[in-house]
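Shown next, in structure tokens, is the structure this report addresses.
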Amino acid sequence: MQNKIKNWIKEILDIKDVVLMHPKDIKNGDYAFVVSPENAEKDAETLRQAQGDLREQIGKIEVAGRFINFYLSPKFFHGSVEEILNNKNFGKNNLYLGKKIMVEYTDPNPFKPFHIGHLMTNTIGESVARILEVSGAEVFRANYQGDVGLHVARAIYGLLKNENLQEQVGSHDVQASNIGNAYVFGAGAYEDNPEAKKEIDEINKKIYHRSDDKINSIYDWGFKVTMEAFEDFYKLLGTKFDYYFLESKVADFGLEIVKENKKIFQESEGAIVFKAEEYNKENQPKLHTRVFITSQDLPTYETKELGLTVEKFKIKPDMNLSVVVTANEQLDYMRVVTKAIYLIYPEYTDKMKHITHGMMRFATGKMGSRKGNIVTGELLINDTIALVSEKVKDRDWDEDFKKKISQQVGVSAIKYSILKQSTVGDIAYDFETSISFEGDSGPYLQYSYARARSVLERATKENILPDPHSDSTEIFEIEKLLYRFPEVVERGVREYEPHYIANYLIEIARSFNSFYGNNVIVNKEDKNSGYFVALTFAFTFVMKKGLHLLGIESPEKM
RNA sequence: GCCCUUGUAGUUCAAUGGAUAGAACGAGGCUCUUCUAAGGCCUUGAUGUAGGUUCGAUUCCUACCAAGGGCACCA
């Protein structure tokens with residue numbers, strides 16, 4: 001529609017470029033563009049006089065200062081409702097049609113707790129993956145995990161010192177949480193106690209060389225059980241990964257690549273470094289030197305990332321884009337690594353995209369798993385789900401259904417609180433206020449959906465069928481918003497920003513609830529009832545698709 | 001010190017260079033013998049500072065101030 005009107009204006013007024021937009025305030029029409037104030041009235045009249053296919057779609061054309069405003073007609077809106085009901089692909093676009101894209105996100109480390117930051121990365125990554133899918137891409141979900149290193153040694157030290165935490169019974173949830181506690185114990189000891197530090201470094205070597213049977217057996221159990229606990233969590237969150245990459249597997253590969261490219265990497269103070277600042281260009285972010293191989297001949301995270309990226313392209317040689325989602329603390333680091341990769345493999349140039357998001361922070365300051373002042377993802381989710389359970393406990397549903405709804409609503413509350421704002425900003429975490437069930441919240445969206453479904457159920461009982469044809473000339477705000485869904489999705493994928501969709505869903509939920517409050521939808525006496533039912537159907541379709549893009553379930557009841 | 005992000009109601013967030021800067025929470029008032037009150041309706045309040053570009057700047061540019069993150073053998 002946007003392009004139709006645009007081209008029409010171009011043709012009639014003989015203008016080269018028209019910037020057609022939605023007025024901020026919906027009262028000012030559905031589309032608008034700017035002209036010089038002197039000609040506004042004359043141009044508007046020319047457009048009004050012009051004959052064309054658009055006659056029926058445009059209700060009126062008005063001038064306000066330098067704006068020419070277009071008001072779409074009831075006929076257009078009835079047509080758009082029909083389109084939403086009939087077109088299964090409504091909301092899809094072709095921006096990434098046929099492209100193969102790998103999206104890496106979440107990246108929790110075995111032996112460490114799954115903390116709130118992982119929850120944030122997972123939520124954003126899953127949403128971005130889904131938005132890419134609806135834009136035509138074939139998406140591969142990837143998870144990259146640190147299976148060796150000091151953090152593992154810390155956890156194993158904690159386990160060795162606290163035999164009760166090695167209890168290999170019960171759900172892997174409980175076992176994993178014991179290992180998380182062991183990690184916190186080991187991390188604390190590493191900082192405070194020089195003896196423990198020595199011991200942990202020793203354990204680290206033994207893990208690396210697999211030279212100690214006792215440690216090996218603890219390692220194998222701990223790895224398995226923490227990975228399984230993550231898997232339970234992904235299920236709850238609605239993520240399914242296609243590929244798992246382990247640090248230990250990509251490290252050697254990265255080492256090889258660095259050693260083969262002597263022209264790009266150089267020796268400095270016994271280490272192998274990449275002096276990225278030599279490639280600095282004007283108007284581009286400044287790069288700096290980073291160590292790729294330590295003087296001990298060990299690969300750093302940089303080298304592993306290099307190996308990981310090349311490994312991804314090896315697995316998917318025809319991959320068009322490799323997306324990585326992390327917190328913004330890795331921004332500068334990733335820029336340097338990306339530059340190195342582009343120099344070594346010019347064919348990968350512009351095929352990498354790093355999406356960074358802000359951090360979860362307490363009112364009091366940063367949280368870190370090393371200090372132990374963390375909120376684990378599990379704790380947050382469980383507390384939130386418990387709050388929902390309390391709300392539904394008196395509902396006339398069976399227990400399994402109550403549990404399912406509580407989970408879907410709890411997860412939605414958390415995911416929405418992450419996705420409602422643009423990804424760059426930090427999120428101030430406060431359990432009391434940030435996880436909301438009312439107003440601007442995930443459960444509000446789900447509630448609006450469930451309510452609409454309930455209305456439709458009643459319509460079926462009363463035998464009122466949806467009918468997108470109507471003679472009514474009244475236009476509701478909800479109609480003015482629903483047809484814009486595909487535009488919003490496109491903007492979301494262009495900018496890798498799910499929050500445009502979140503904000504849009506709030507708008508349609510609000511206008512649907514308002515419509516619901518001011519009109520009786522199911523009413524045999526009203527000849528518009530069929531149209532109202534069609535409109536309600538259209539709302540549920542768009543809401544469900546939109547919630548899916550955020551990684552949120554749409555319960556039929558709540 | 002250098003680099004990267006970000007500064008909007010009391011608070012948490014919106015606003016593809018456009019119109020009267022939107023919500024939510026909070027506070028106050030109204031609303032379930034009509035389809036789900038996790039709802040609806042009404043009232044209240046903000047662009048860090050100083051310049052610049054533009055017909056027009058929350059948005060772009062420069063400086064300053066403030067917050068967060070990052071800068072060599074951690075991940």
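Residue names in the structure tokens use chain letters A, B, ... in the order shown, residue numbers from 1 in each chain, and ligand numbers from 1 in the order shown.
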
Next on the checklist: Quick one: residues within 9 Å of A19 of chain B, only C-alpha atoms (C1' of nucleotides), excluding same-chain residues fewer than 2 positions away - as a ChimeraX atom specification?
Outcome noted: /A:23-25,28,64-67

Next on the checklist: I'd like the neighbourhood of segment 174-182 of chain A as a list in words, where a residue qualifies if any of its atoms comes within 6 Å (using only C-alpha atoms (C1' of nucleotides)), though same-chain residues fewer than 5 positions away should be ignored.
Outcome noted: Lys112, Pro113, Ala155, Gly158, Leu159, Leu165 and Thr226 of chain A

Next on the checklist: Can you work out which residues from chain B touch chain A at a cut-off of 6 Å (counting only C-alpha atoms (C1' of nucleotides)) and hand them back as a ChimeraX atom specification?
Outcome noted: /B:24,35-36,38,40,69,72-73

Take the selection from the previous step and output its residues with C-alpha atoms (C1' of nucleotides), as a PDB file, in the first residue's frame.
```
ATOM      1  C1'   A B  24       3.752   1.774  31.721  1.00  0.00           C
ATOM      2  C1'   C B  35     -18.497 -11.593  25.399  1.00  0.00           C
ATOM      3  C1'   U B  36     -11.945 -12.928  30.737  1.00  0.00           C
ATOM      4  C1'   A B  38      -3.942  -9.514  34.305  1.00  0.00           C
ATOM      5  C1'   G B  40     -11.472  -0.081  30.068  1.00  0.00           C
ATOM      6  C1'   G B  69      31.683  -0.958  29.293  1.00  0.00           C
ATOM      7  C1'   A B  72      48.417  -7.389  26.245  1.00  0.00           C
ATOM      8  C1'   C B  73      49.174 -12.547  27.611  1.00  0.00           C
TER       9        C B  73
END
```

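Using only C-alpha atoms for every distance, the candidate list A:Lys6, A:Lys161, A:His115, A:Arg154 yields A:Lys6 as the residue closest to Val19 of chain A.
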
Item to check | Atomic separation - atom CA of Phe265 of chain A relative to atom CA of Leu343 of chain A, Å | outcome: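 One can read the atom CA of Leu343 of chain A to atom CA of Phe265 of chain A distance as 10.6 Å.
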